[in-house]
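Q: As input, take protein.cif (mmCIF, N, CA and C atoms):
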data_input
loop_
_atom_site.label_atom_id
_atom_site.label_comp_id
_atom_site.auth_asym_id
_atom_site.auth_seq_id
_atom_site.Cartn_x
_atom_site.Cartn_y
_atom_site.Cartn_z
N HIS D 1 112.55 102.86 125.43
CA HIS D 1 111.45 103.80 125.45
C HIS D 1 111.73 104.96 124.51
N SER D 2 110.79 105.83 124.32
CA SER D 2 110.90 106.88 123.32
C SER D 2 111.35 108.23 123.86
N PHE D 3 111.50 108.35 125.16
CA PHE D 3 111.89 109.63 125.75
C PHE D 3 113.40 109.67 125.92
N ASN D 4 114.06 110.72 125.38
CA ASN D 4 115.51 110.84 125.42
C ASN D 4 115.91 112.25 125.86
N VAL D 5 117.18 112.37 126.26
CA VAL D 5 117.77 113.65 126.63
C VAL D 5 119.05 113.80 125.81
N ARG D 6 119.29 115.00 125.28
CA ARG D 6 120.51 115.25 124.52
C ARG D 6 121.72 115.08 125.42
N ALA D 7 122.72 114.40 124.95
CA ALA D 7 123.96 114.19 125.71
C ALA D 7 124.57 115.54 126.05
N GLY D 8 124.87 115.73 127.34
CA GLY D 8 125.51 116.96 127.78
C GLY D 8 124.57 118.13 128.00
N ASP D 9 123.28 117.93 127.76
CA ASP D 9 122.31 119.02 127.93
C ASP D 9 120.98 118.43 128.41
N GLU D 10 120.86 118.24 129.71
CA GLU D 10 119.66 117.61 130.28
C GLU D 10 118.40 118.44 130.08
N GLN D 11 118.55 119.71 129.71
CA GLN D 11 117.39 120.57 129.46
C GLN D 11 116.74 120.26 128.11
N ARG D 12 117.45 119.54 127.25
CA ARG D 12 116.93 119.25 125.91
C ARG D 12 116.46 117.81 125.81
N SER D 13 115.20 117.62 126.14
CA SER D 13 114.60 116.29 126.05
C SER D 13 113.78 116.19 124.77
N PHE D 14 113.57 114.97 124.31
CA PHE D 14 112.79 114.79 123.09
C PHE D 14 112.21 113.38 123.04
N PHE D 15 111.12 113.26 122.30
CA PHE D 15 110.53 111.96 122.04
C PHE D 15 111.11 111.44 120.73
N SER D 16 111.58 110.22 120.76
CA SER D 16 112.21 109.60 119.59
C SER D 16 111.23 108.63 118.94
N PHE D 17 110.08 109.15 118.54
CA PHE D 17 109.09 108.32 117.87
C PHE D 17 109.60 107.88 116.50
N LYS D 18 109.29 106.67 116.12
CA LYS D 18 109.54 106.25 114.75
C LYS D 18 108.62 107.07 113.86
N PRO D 19 109.08 107.40 112.65
CA PRO D 19 108.23 108.22 111.76
C PRO D 19 106.82 107.68 111.58
N ALA D 20 106.66 106.37 111.56
CA ALA D 20 105.34 105.78 111.34
C ALA D 20 104.33 106.14 112.43
N VAL D 21 104.79 106.39 113.66
CA VAL D 21 103.86 106.69 114.75
C VAL D 21 103.90 108.15 115.19
N ALA D 22 104.82 108.94 114.67
CA ALA D 22 104.87 110.36 115.03
C ALA D 22 103.63 111.07 114.50
N PRO D 23 102.96 111.88 115.32
CA PRO D 23 101.76 112.58 114.85
C PRO D 23 102.03 113.46 113.63
N PHE D 24 103.11 114.21 113.67
CA PHE D 24 103.56 114.99 112.52
C PHE D 24 104.90 114.41 112.09
N LYS D 25 105.06 114.17 110.81
CA LYS D 25 106.30 113.58 110.30
C LYS D 25 107.36 114.64 110.05
N CYS D 26 106.92 115.87 109.76
CA CYS D 26 107.87 116.91 109.36
C CYS D 26 107.34 118.28 109.75
N VAL D 27 108.27 119.13 110.15
CA VAL D 27 107.95 120.54 110.38
C VAL D 27 108.74 121.34 109.35
N ILE D 28 108.13 122.39 108.84
CA ILE D 28 108.80 123.27 107.89
C ILE D 28 109.03 124.59 108.59
N LEU D 29 110.30 125.02 108.61
CA LEU D 29 110.71 126.19 109.38
C LEU D 29 111.37 127.23 108.49
N PRO D 30 110.99 128.49 108.62
CA PRO D 30 111.78 129.55 107.98
C PRO D 30 112.95 129.88 108.90
N LEU D 31 114.09 130.22 108.32
CA LEU D 31 115.23 130.60 109.14
C LEU D 31 114.90 131.82 109.99
N SER D 32 114.11 132.72 109.42
CA SER D 32 113.70 133.93 110.14
C SER D 32 112.31 134.33 109.65
N GLY D 33 111.82 135.44 110.13
CA GLY D 33 110.47 135.86 109.80
C GLY D 33 110.32 136.65 108.51
N TYR D 34 111.32 136.63 107.65
CA TYR D 34 111.23 137.38 106.40
C TYR D 34 110.10 136.86 105.52
N SER D 35 109.35 137.77 104.94
CA SER D 35 108.20 137.38 104.11
C SER D 35 108.61 136.65 102.84
N CYS D 36 109.86 136.78 102.42
CA CYS D 36 110.31 136.11 101.19
C CYS D 36 110.28 134.59 101.32
N PHE D 37 110.17 134.06 102.55
CA PHE D 37 110.14 132.62 102.75
C PHE D 37 108.73 132.05 102.66
N ALA D 38 107.71 132.90 102.74
CA ALA D 38 106.32 132.44 102.87
C ALA D 38 105.87 131.54 101.73
N LYS D 39 106.17 131.89 100.50
CA LYS D 39 105.70 131.10 99.35
C LYS D 39 106.31 129.70 99.39
N THR D 40 107.60 129.60 99.66
CA THR D 40 108.25 128.29 99.70
C THR D 40 107.71 127.46 100.86
N LEU D 41 107.50 128.08 102.02
CA LEU D 41 106.94 127.36 103.17
C LEU D 41 105.61 126.73 102.81
N LYS D 42 104.72 127.52 102.23
CA LYS D 42 103.39 127.02 101.87
C LYS D 42 103.48 125.93 100.81
N ASP D 43 104.37 126.11 99.83
CA ASP D 43 104.51 125.14 98.76
C ASP D 43 105.01 123.80 99.28
N VAL D 44 106.04 123.83 100.13
CA VAL D 44 106.58 122.59 100.68
C VAL D 44 105.53 121.88 101.54
N ALA D 45 104.84 122.63 102.40
CA ALA D 45 103.80 122.04 103.25
C ALA D 45 102.69 121.42 102.39
N ARG D 46 102.25 122.12 101.36
CA ARG D 46 101.20 121.62 100.48
C ARG D 46 101.63 120.33 99.80
N ARG D 47 102.86 120.30 99.30
CA ARG D 47 103.36 119.13 98.59
C ARG D 47 103.50 117.92 99.52
N LEU D 48 103.97 118.15 100.73
CA LEU D 48 104.08 117.04 101.69
C LEU D 48 102.71 116.49 102.03
N ARG D 49 101.77 117.39 102.35
CA ARG D 49 100.42 116.94 102.72
C ARG D 49 99.75 116.21 101.56
N ALA D 50 99.93 116.73 100.34
CA ALA D 50 99.36 116.08 99.16
C ALA D 50 99.95 114.68 98.96
N GLY D 51 101.19 114.50 99.43
CA GLY D 51 101.84 113.19 99.34
C GLY D 51 101.57 112.29 100.52
N GLY D 52 100.64 112.71 101.39
CA GLY D 52 100.25 111.88 102.52
C GLY D 52 101.14 112.01 103.74
N VAL D 53 101.95 113.06 103.80
CA VAL D 53 102.86 113.26 104.93
C VAL D 53 102.31 114.37 105.84
N PRO D 54 101.88 114.01 107.06
CA PRO D 54 101.42 115.05 107.99
C PRO D 54 102.58 116.01 108.31
N ALA D 55 102.38 117.28 107.98
CA ALA D 55 103.43 118.28 108.17
C ALA D 55 102.81 119.57 108.67
N ARG D 56 103.62 120.36 109.37
CA ARG D 56 103.15 121.65 109.85
C ARG D 56 104.24 122.68 109.65
N VAL D 57 103.83 123.95 109.57
CA VAL D 57 104.76 125.07 109.47
C VAL D 57 104.88 125.71 110.85
N ASP D 58 106.10 125.93 111.29
CA ASP D 58 106.37 126.63 112.55
C ASP D 58 107.10 127.92 112.19
N ASP D 59 106.34 128.99 112.06
CA ASP D 59 106.94 130.27 111.64
C ASP D 59 106.94 131.29 112.77
N ALA D 60 107.12 130.83 113.99
CA ALA D 60 107.20 131.71 115.16
C ALA D 60 108.51 132.49 115.10
N ALA D 61 108.47 133.63 114.46
CA ALA D 61 109.69 134.41 114.21
C ALA D 61 110.33 134.93 115.49
N SER D 62 109.60 134.94 116.59
CA SER D 62 110.17 135.45 117.84
C SER D 62 111.17 134.48 118.46
N ALA D 63 111.17 133.23 118.03
CA ALA D 63 112.09 132.23 118.58
C ALA D 63 113.20 131.94 117.57
N SER D 64 114.39 131.66 118.08
CA SER D 64 115.52 131.32 117.21
C SER D 64 115.25 129.97 116.53
N ILE D 65 115.99 129.70 115.48
CA ILE D 65 115.84 128.43 114.77
C ILE D 65 116.18 127.26 115.71
N GLY D 66 117.18 127.44 116.55
CA GLY D 66 117.55 126.38 117.49
C GLY D 66 116.44 126.06 118.47
N ARG D 67 115.77 127.09 118.97
CA ARG D 67 114.65 126.88 119.89
C ARG D 67 113.48 126.21 119.18
N ARG D 68 113.25 126.57 117.93
CA ARG D 68 112.16 125.93 117.19
C ARG D 68 112.49 124.47 116.89
N TYR D 69 113.75 124.17 116.58
CA TYR D 69 114.15 122.76 116.44
C TYR D 69 113.87 122.03 117.74
N ALA D 70 114.33 122.59 118.87
CA ALA D 70 114.18 121.93 120.18
C ALA D 70 112.71 121.72 120.51
N ARG D 71 111.87 122.72 120.25
CA ARG D 71 110.45 122.60 120.55
C ARG D 71 109.82 121.45 119.75
N ASN D 72 110.17 121.34 118.48
CA ASN D 72 109.60 120.28 117.65
C ASN D 72 110.22 118.92 117.97
N ASP D 73 111.48 118.91 118.42
CA ASP D 73 112.07 117.66 118.91
C ASP D 73 111.29 117.15 120.11
N GLU D 74 110.92 118.05 121.02
CA GLU D 74 110.14 117.68 122.21
C GLU D 74 108.81 117.06 121.83
N LEU D 75 108.25 117.50 120.72
CA LEU D 75 106.97 116.96 120.25
C LEU D 75 107.13 115.62 119.53
N GLY D 76 108.37 115.24 119.24
CA GLY D 76 108.63 113.97 118.56
C GLY D 76 108.61 114.03 117.05
N THR D 77 108.63 115.23 116.48
CA THR D 77 108.62 115.37 115.03
C THR D 77 109.97 114.92 114.47
N PRO D 78 110.00 113.86 113.64
CA PRO D 78 111.29 113.29 113.24
C PRO D 78 112.12 114.12 112.26
N PHE D 79 111.47 114.96 111.44
CA PHE D 79 112.22 115.67 110.40
C PHE D 79 111.83 117.15 110.37
N ALA D 80 112.81 117.97 110.02
CA ALA D 80 112.58 119.41 109.88
C ALA D 80 113.20 119.89 108.57
N ILE D 81 112.42 120.60 107.81
CA ILE D 81 112.90 121.25 106.59
C ILE D 81 113.06 122.73 106.91
N THR D 82 114.24 123.27 106.60
CA THR D 82 114.48 124.69 106.86
C THR D 82 114.63 125.45 105.54
N VAL D 83 113.84 126.51 105.43
CA VAL D 83 113.90 127.42 104.29
C VAL D 83 114.75 128.61 104.73
N ASP D 84 115.80 128.91 103.96
CA ASP D 84 116.71 129.99 104.36
C ASP D 84 117.06 130.87 103.16
N PHE D 85 118.02 131.76 103.35
CA PHE D 85 118.37 132.69 102.28
C PHE D 85 118.96 131.98 101.06
N GLN D 86 119.62 130.86 101.25
CA GLN D 86 120.15 130.10 100.13
C GLN D 86 119.01 129.53 99.28
N THR D 87 117.87 129.26 99.89
CA THR D 87 116.71 128.75 99.16
C THR D 87 116.33 129.72 98.04
N ALA D 88 116.33 131.01 98.35
CA ALA D 88 115.99 132.03 97.35
C ALA D 88 117.00 132.05 96.21
N ASP D 89 118.25 131.73 96.52
CA ASP D 89 119.31 131.77 95.51
C ASP D 89 119.31 130.55 94.60
N ASP D 90 119.16 129.35 95.19
CA ASP D 90 119.35 128.16 94.38
C ASP D 90 118.24 127.11 94.50
N GLY D 91 117.17 127.39 95.26
CA GLY D 91 116.05 126.46 95.35
C GLY D 91 116.31 125.25 96.22
N THR D 92 117.34 125.32 97.09
CA THR D 92 117.61 124.20 97.99
C THR D 92 117.14 124.53 99.40
N VAL D 93 116.90 123.49 100.18
CA VAL D 93 116.51 123.60 101.59
C VAL D 93 117.32 122.57 102.36
N THR D 94 117.32 122.69 103.69
CA THR D 94 117.98 121.67 104.49
C THR D 94 116.94 120.73 105.08
N LEU D 95 117.36 119.50 105.30
CA LEU D 95 116.55 118.49 105.97
C LEU D 95 117.33 118.04 107.19
N ARG D 96 116.73 118.16 108.36
CA ARG D 96 117.35 117.80 109.64
C ARG D 96 116.60 116.61 110.24
N GLU D 97 117.37 115.68 110.77
CA GLU D 97 116.79 114.52 111.45
C GLU D 97 116.88 114.73 112.95
N ARG D 98 115.80 114.48 113.65
CA ARG D 98 115.67 114.78 115.07
C ARG D 98 116.69 114.09 115.96
N ASP D 99 116.88 112.78 115.83
CA ASP D 99 117.70 112.02 116.77
C ASP D 99 119.18 112.33 116.65
N THR D 100 119.68 112.51 115.43
CA THR D 100 121.10 112.79 115.23
C THR D 100 121.39 114.28 115.12
N THR D 101 120.40 115.08 114.81
CA THR D 101 120.47 116.52 114.51
C THR D 101 121.32 116.80 113.27
N LYS D 102 121.63 115.78 112.49
CA LYS D 102 122.41 115.98 111.27
C LYS D 102 121.51 116.52 110.18
N GLN D 103 122.12 117.31 109.27
CA GLN D 103 121.38 117.94 108.19
C GLN D 103 122.04 117.70 106.85
N ILE D 104 121.19 117.64 105.82
CA ILE D 104 121.65 117.62 104.44
C ILE D 104 120.98 118.78 103.71
N ARG D 105 121.51 119.13 102.55
CA ARG D 105 120.89 120.16 101.71
C ARG D 105 120.70 119.59 100.31
N ALA D 106 119.50 119.83 99.76
CA ALA D 106 119.19 119.39 98.41
C ALA D 106 118.04 120.25 97.88
N SER D 107 117.66 120.01 96.64
CA SER D 107 116.56 120.77 96.04
C SER D 107 115.26 120.50 96.80
N VAL D 108 114.34 121.42 96.69
CA VAL D 108 113.03 121.24 97.33
C VAL D 108 112.39 119.95 96.83
N ASP D 109 112.45 119.71 95.52
CA ASP D 109 111.85 118.50 94.96
C ASP D 109 112.44 117.24 95.59
N GLU D 110 113.76 117.19 95.70
CA GLU D 110 114.41 116.01 96.25
C GLU D 110 114.10 115.83 97.74
N ILE D 111 114.11 116.93 98.49
CA ILE D 111 113.82 116.84 99.93
C ILE D 111 112.39 116.37 100.17
N VAL D 112 111.44 116.89 99.40
CA VAL D 112 110.04 116.46 99.55
C VAL D 112 109.94 114.96 99.30
N GLU D 113 110.58 114.46 98.26
CA GLU D 113 110.54 113.01 97.97
C GLU D 113 111.23 112.21 99.06
N LEU D 114 112.36 112.72 99.57
CA LEU D 114 113.06 112.03 100.66
C LEU D 114 112.18 111.92 101.90
N VAL D 115 111.50 113.01 102.25
CA VAL D 115 110.65 112.98 103.44
C VAL D 115 109.51 111.98 103.25
N LYS D 116 108.94 111.94 102.08
CA LYS D 116 107.89 110.95 101.80
C LYS D 116 108.42 109.54 102.04
N CYS D 117 109.60 109.25 101.52
CA CYS D 117 110.19 107.91 101.67
C CYS D 117 110.58 107.62 103.12
N LEU D 118 111.11 108.61 103.81
CA LEU D 118 111.45 108.44 105.22
C LEU D 118 110.20 108.21 106.06
N ALA D 119 109.14 108.95 105.76
CA ALA D 119 107.90 108.84 106.53
C ALA D 119 107.21 107.49 106.32
N ASN D 120 107.29 106.96 105.10
CA ASN D 120 106.61 105.68 104.86
C ASN D 120 107.52 104.48 105.09
N GLY D 121 108.77 104.74 105.48
CA GLY D 121 109.67 103.65 105.84
C GLY D 121 110.38 102.99 104.68
N SER D 122 110.24 103.53 103.46
CA SER D 122 110.90 102.89 102.31
C SER D 122 112.38 103.25 102.21
N THR D 123 112.84 104.21 103.02
CA THR D 123 114.27 104.52 103.12
C THR D 123 114.57 104.90 104.57
N SER D 124 115.84 104.84 104.92
CA SER D 124 116.26 105.20 106.28
C SER D 124 117.15 106.43 106.25
N TRP D 125 117.31 107.04 107.41
CA TRP D 125 118.19 108.21 107.50
C TRP D 125 119.63 107.82 107.16
N ASP D 126 120.05 106.63 107.54
CA ASP D 126 121.40 106.17 107.18
C ASP D 126 121.55 106.09 105.66
N ASP D 127 120.51 105.62 104.97
CA ASP D 127 120.55 105.58 103.50
C ASP D 127 120.69 106.99 102.93
N VAL D 128 119.94 107.93 103.49
CA VAL D 128 120.00 109.32 103.03
C VAL D 128 121.41 109.87 103.23
N LEU D 129 121.98 109.62 104.41
CA LEU D 129 123.32 110.14 104.71
C LEU D 129 124.39 109.52 103.80
N SER D 130 124.17 108.30 103.35
CA SER D 130 125.15 107.65 102.48
C SER D 130 125.17 108.27 101.08
N LYS D 131 124.13 109.02 100.74
CA LYS D 131 124.01 109.59 99.39
C LYS D 131 124.12 111.12 99.36
N HIS D 132 124.12 111.77 100.52
CA HIS D 132 124.13 113.23 100.58
C HIS D 132 125.17 113.71 101.60
N PRO D 133 125.93 114.72 101.23
CA PRO D 133 126.90 115.27 102.21
C PRO D 133 126.18 116.02 103.33
N LEU D 134 126.79 115.99 104.49
CA LEU D 134 126.23 116.73 105.63
C LEU D 134 126.44 118.21 105.47
N VAL D 135 125.50 118.98 106.00
CA VAL D 135 125.65 120.42 106.07
C VAL D 135 126.32 120.72 107.41
N ASN D 136 127.37 121.49 107.37
CA ASN D 136 128.05 121.87 108.61
C ASN D 136 127.44 123.16 109.11
N THR D 137 126.67 123.07 110.17
CA THR D 137 126.00 124.26 110.70
C THR D 137 126.01 124.25 112.21
N SER D 138 126.17 125.42 112.78
CA SER D 138 126.20 125.52 114.25
C SER D 138 124.82 125.42 114.85
N THR D 139 123.75 125.51 114.04
CA THR D 139 122.39 125.44 114.58
C THR D 139 121.94 124.02 114.84
N ASN D 140 122.74 123.02 114.42
CA ASN D 140 122.32 121.63 114.66
C ASN D 140 122.03 121.36 116.12
N ASN D 141 122.84 121.89 117.02
CA ASN D 141 122.68 121.60 118.43
C ASN D 141 122.43 122.85 119.24
N SER D 142 122.09 123.93 118.61
CA SER D 142 121.91 125.21 119.31
C SER D 142 120.48 125.36 119.81
N THR D 143 120.35 126.02 120.96
CA THR D 143 119.02 126.36 121.45
C THR D 143 118.89 127.84 121.66
N ALA D 144 119.90 128.60 121.40
CA ALA D 144 119.85 130.04 121.64
C ALA D 144 119.38 130.80 120.44
#
Represent the structure of the file as structure tokens.
A:
Amino acid sequence: HSFNVRAGDEQRSFFSFKPAVAPFKCVILPLSGYSCFAKTLKDVARRLRAGGVPARVDDAASASIGRRYARNDELGTPFAITVDFQTADDGTVTLRERDTTKQIRASVDEIVELVKCLANGSTSWDDVLSKHPLVNTSTNNSTA
């Protein structure tokens, strides 16, 4: 079935929909409520939608990034793109996968193309992980 609970944390449940049936394939999140993230958020969302990928922006600045990940996991959204302070420096964002909570970092252009391929099933998360190093971050499993 598609309903799961995070190991060791029964409060964190999520729907593990395959990307093909998930209502939204990707959520775009700012690390915080800083206005400097707004342009990139809109650009990424526009590019995903133009590429046929249902995506939404979750910019609820009152909630931590971990809580926003958890909320979107509960909705079954398979992928999350996070715009952070490094984005302003080098044009990269992170891509997080819901079931494993693992993240990679790459250029906005590359992440948008990866999400398109992941959403249409032409590539798998395992394929992505074989070509990109993981980002080591404490927010992968955080809800605070």
Q: Evaluate the PyMOL selection byres ((chain D and resi 96-108) around 6.5) here and jot the selected residues down as a PyMOL selection string.
A: chain D and resi 73+77-82+91-95+109-113+132-135+140-141
Q: Among chain D, which ones does DSSP assign to alpha helix (DSSP H) (computed from the backbone)? Answer as number ranges by chain.
A: D: 38-50, 65-74, 85-90, 108-120, 125-131
Q: Just to be explicit: take each residue in the selection above, keep N, CA and C atoms, and write the result as a compact mmCIF listing (two decimals), keeping the file's coordinate frame.
A:
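That gives us result21.txt:
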# COMPACT_ATOMS: atom_id res chain seq x y z
N ALA D 38 107.71 132.90 102.74
CA ALA D 38 106.32 132.44 102.87
C ALA D 38 105.87 131.54 101.73
N LYS D 39 106.17 131.89 100.50
CA LYS D 39 105.70 131.10 99.35
C LYS D 39 106.31 129.70 99.39
N THR D 40 107.60 129.60 99.66
CA THR D 40 108.25 128.29 99.70
C THR D 40 107.71 127.46 100.86
N LEU D 41 107.50 128.08 102.02
CA LEU D 41 106.94 127.36 103.17
C LEU D 41 105.61 126.73 102.81
N LYS D 42 104.72 127.52 102.23
CA LYS D 42 103.39 127.02 101.87
C LYS D 42 103.48 125.93 100.81
N ASP D 43 104.37 126.11 99.83
CA ASP D 43 104.51 125.14 98.76
C ASP D 43 105.01 123.80 99.28
N VAL D 44 106.04 123.83 100.13
CA VAL D 44 106.58 122.59 100.68
C VAL D 44 105.53 121.88 101.54
N ALA D 45 104.84 122.63 102.40
CA ALA D 45 103.80 122.04 103.25
C ALA D 45 102.69 121.42 102.39
N ARG D 46 102.25 122.12 101.36
CA ARG D 46 101.20 121.62 100.48
C ARG D 46 101.63 120.33 99.80
N ARG D 47 102.86 120.30 99.30
CA ARG D 47 103.36 119.13 98.59
C ARG D 47 103.50 117.92 99.52
N LEU D 48 103.97 118.15 100.73
CA LEU D 48 104.08 117.04 101.69
C LEU D 48 102.71 116.49 102.03
N ARG D 49 101.77 117.39 102.35
CA ARG D 49 100.42 116.94 102.72
C ARG D 49 99.75 116.21 101.56
N ALA D 50 99.93 116.73 100.34
CA ALA D 50 99.36 116.08 99.16
C ALA D 50 99.95 114.68 98.96
N ILE D 65 115.99 129.70 115.48
CA ILE D 65 115.84 128.43 114.77
C ILE D 65 116.18 127.26 115.71
N GLY D 66 117.18 127.44 116.55
CA GLY D 66 117.55 126.38 117.49
C GLY D 66 116.44 126.06 118.47
N ARG D 67 115.77 127.09 118.97
CA ARG D 67 114.65 126.88 119.89
C ARG D 67 113.48 126.21 119.18
N ARG D 68 113.25 126.57 117.93
CA ARG D 68 112.16 125.93 117.19
C ARG D 68 112.49 124.47 116.89
N TYR D 69 113.75 124.17 116.58
CA TYR D 69 114.15 122.76 116.44
C TYR D 69 113.87 122.03 117.74
N ALA D 70 114.33 122.59 118.87
CA ALA D 70 114.18 121.93 120.18
C ALA D 70 112.71 121.72 120.51
N ARG D 71 111.87 122.72 120.25
CA ARG D 71 110.45 122.60 120.55
C ARG D 71 109.82 121.45 119.75
N ASN D 72 110.17 121.34 118.48
CA ASN D 72 109.60 120.28 117.65
C ASN D 72 110.22 118.92 117.97
N ASP D 73 111.48 118.91 118.42
CA ASP D 73 112.07 117.66 118.91
C ASP D 73 111.29 117.15 120.11
N GLU D 74 110.92 118.05 121.02
CA GLU D 74 110.14 117.68 122.21
C GLU D 74 108.81 117.06 121.83
N PHE D 85 118.02 131.76 103.35
CA PHE D 85 118.37 132.69 102.28
C PHE D 85 118.96 131.98 101.06
N GLN D 86 119.62 130.86 101.25
CA GLN D 86 120.15 130.10 100.13
C GLN D 86 119.01 129.53 99.28
N THR D 87 117.87 129.26 99.89
CA THR D 87 116.71 128.75 99.16
C THR D 87 116.33 129.72 98.04
N ALA D 88 116.33 131.01 98.35
CA ALA D 88 115.99 132.03 97.35
C ALA D 88 117.00 132.05 96.21
N ASP D 89 118.25 131.73 96.52
CA ASP D 89 119.31 131.77 95.51
C ASP D 89 119.31 130.55 94.60
N ASP D 90 119.16 129.35 95.19
CA ASP D 90 119.35 128.16 94.38
C ASP D 90 118.24 127.11 94.50
N VAL D 108 114.34 121.42 96.69
CA VAL D 108 113.03 121.24 97.33
C VAL D 108 112.39 119.95 96.83
N ASP D 109 112.45 119.71 95.52
CA ASP D 109 111.85 118.50 94.96
C ASP D 109 112.44 117.24 95.59
N GLU D 110 113.76 117.19 95.70
CA GLU D 110 114.41 116.01 96.25
C GLU D 110 114.10 115.83 97.74
N ILE D 111 114.11 116.93 98.49
CA ILE D 111 113.82 116.84 99.93
C ILE D 111 112.39 116.37 100.17
N VAL D 112 111.44 116.89 99.40
CA VAL D 112 110.04 116.46 99.55
C VAL D 112 109.94 114.96 99.30
N GLU D 113 110.58 114.46 98.26
CA GLU D 113 110.54 113.01 97.97
C GLU D 113 111.23 112.21 99.06
N LEU D 114 112.36 112.72 99.57
CA LEU D 114 113.06 112.03 100.66
C LEU D 114 112.18 111.92 101.90
N VAL D 115 111.50 113.01 102.25
CA VAL D 115 110.65 112.98 103.44
C VAL D 115 109.51 111.98 103.25
N LYS D 116 108.94 111.94 102.08
CA LYS D 116 107.89 110.95 101.80
C LYS D 116 108.42 109.54 102.04
N CYS D 117 109.60 109.25 101.52
CA CYS D 117 110.19 107.91 101.67
C CYS D 117 110.58 107.62 103.12
N LEU D 118 111.11 108.61 103.81
CA LEU D 118 111.45 108.44 105.22
C LEU D 118 110.20 108.21 106.06
N ALA D 119 109.14 108.95 105.76
CA ALA D 119 107.90 108.84 106.53
C ALA D 119 107.21 107.49 106.32
N ASN D 120 107.29 106.96 105.10
CA ASN D 120 106.61 105.68 104.86
C ASN D 120 107.52 104.48 105.09
N TRP D 125 117.31 107.04 107.41
CA TRP D 125 118.19 108.21 107.50
C TRP D 125 119.63 107.82 107.16
N ASP D 126 120.05 106.63 107.54
CA ASP D 126 121.40 106.17 107.18
C ASP D 126 121.55 106.09 105.66
N ASP D 127 120.51 105.62 104.97
CA ASP D 127 120.55 105.58 103.50
C ASP D 127 120.69 106.99 102.93
N VAL D 128 119.94 107.93 103.49
CA VAL D 128 120.00 109.32 103.03
C VAL D 128 121.41 109.87 103.23
N LEU D 129 121.98 109.62 104.41
CA LEU D 129 123.32 110.14 104.71
C LEU D 129 124.39 109.52 103.80
N SER D 130 124.17 108.30 103.35
CA SER D 130 125.15 107.65 102.48
C SER D 130 125.17 108.27 101.08
N LYS D 131 124.13 109.02 100.74
CA LYS D 131 124.01 109.59 99.39
C LYS D 131 124.12 111.12 99.36
Q: Which residues, written as a compact mmCIF listing (two decimals) with N, CA and C atoms, in the frame of the given file, have at least one atom at most 5 Å from Val83 of chain D, with all atoms listed in the file counted and residues fewer than 3 positions away on the same chain left out?
A:
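The new file around37.txt reads:
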# COMPACT_ATOMS: atom_id res chain seq x y z
N LEU D 29 110.30 125.02 108.61
CA LEU D 29 110.71 126.19 109.38
C LEU D 29 111.37 127.23 108.49
N PRO D 30 110.99 128.49 108.62
CA PRO D 30 111.78 129.55 107.98
C PRO D 30 112.95 129.88 108.90
N LEU D 31 114.09 130.22 108.32
CA LEU D 31 115.23 130.60 109.14
C LEU D 31 114.90 131.82 109.99
Q: Which residues match the PyMOL selection byres (((chain D and resi 3 and name CA) around 10) and name CA) in the file above, as a list in words?
A: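 Against this file, the PyMOL selection byres (((chain D and resi 3 and name CA) around 10) and name CA) returns the residues His1, Ser2, Asn4, Val5, Ser13, Phe14, Phe15, Ser16, Phe17, Glu74 and Gly76 of chain D.
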Q: Filtering to N, CA and C atoms, could you give me those residues as a PDB file, in the frame of the given file?
A:
ATOM      1  N   HIS D   1     112.550 102.860 125.430  1.00  0.00           N
ATOM      2  CA  HIS D   1     111.450 103.800 125.450  1.00  0.00           C
ATOM      3  C   HIS D   1     111.730 104.960 124.510  1.00  0.00           C
ATOM      4  N   SER D   2     110.790 105.830 124.320  1.00  0.00           N
ATOM      5  CA  SER D   2     110.900 106.880 123.320  1.00  0.00           C
ATOM      6  C   SER D   2     111.350 108.230 123.860  1.00  0.00           C
ATOM      7  N   ASN D   4     114.060 110.720 125.380  1.00  0.00           N
ATOM      8  CA  ASN D   4     115.510 110.840 125.420  1.00  0.00           C
ATOM      9  C   ASN D   4     115.910 112.250 125.860  1.00  0.00           C
ATOM     10  N   VAL D   5     117.180 112.370 126.260  1.00  0.00           N
ATOM     11  CA  VAL D   5     117.770 113.650 126.630  1.00  0.00           C
ATOM     12  C   VAL D   5     119.050 113.800 125.810  1.00  0.00           C
ATOM     13  N   SER D  13     115.200 117.620 126.140  1.00  0.00           N
ATOM     14  CA  SER D  13     114.600 116.290 126.050  1.00  0.00           C
ATOM     15  C   SER D  13     113.780 116.190 124.770  1.00  0.00           C
ATOM     16  N   PHE D  14     113.570 114.970 124.310  1.00  0.00           N
ATOM     17  CA  PHE D  14     112.790 114.790 123.090  1.00  0.00           C
ATOM     18  C   PHE D  14     112.210 113.380 123.040  1.00  0.00           C
ATOM     19  N   PHE D  15     111.120 113.260 122.300  1.00  0.00           N
ATOM     20  CA  PHE D  15     110.530 111.960 122.040  1.00  0.00           C
ATOM     21  C   PHE D  15     111.110 111.440 120.730  1.00  0.00           C
ATOM     22  N   SER D  16     111.580 110.220 120.760  1.00  0.00           N
ATOM     23  CA  SER D  16     112.210 109.600 119.590  1.00  0.00           C
ATOM     24  C   SER D  16     111.230 108.630 118.940  1.00  0.00           C
ATOM     25  N   PHE D  17     110.080 109.150 118.540  1.00  0.00           N
ATOM     26  CA  PHE D  17     109.090 108.320 117.870  1.00  0.00           C
ATOM     27  C   PHE D  17     109.600 107.880 116.500  1.00  0.00           C
ATOM     28  N   GLU D  74     110.920 118.050 121.020  1.00  0.00           N
ATOM     29  CA  GLU D  74     110.140 117.680 122.210  1.00  0.00           C
ATOM     30  C   GLU D  74     108.810 117.060 121.830  1.00  0.00           C
ATOM     31  N   GLY D  76     108.370 115.240 119.240  1.00  0.00           N
ATOM     32  CA  GLY D  76     108.630 113.970 118.560  1.00  0.00           C
ATOM     33  C   GLY D  76     108.610 114.030 117.050  1.00  0.00           C
TER      34      GLY D  76
END
Q: Please return as a list in words: the residues of segment 39-135 of chain D that backbone DSSP assigns to strand (DSSP E or B).
A: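 The strand (DSSP E or B) subset of segment 39-135 of chain D is Ala55, Arg56, Val57, Phe79, Ala80, Ile81, Thr82, Val83, Thr92, Val93, Thr94, Leu95, Arg96, Glu97, Gln103, Ile104, Arg105, Ala106, Ser107 and Leu134 of chain D.
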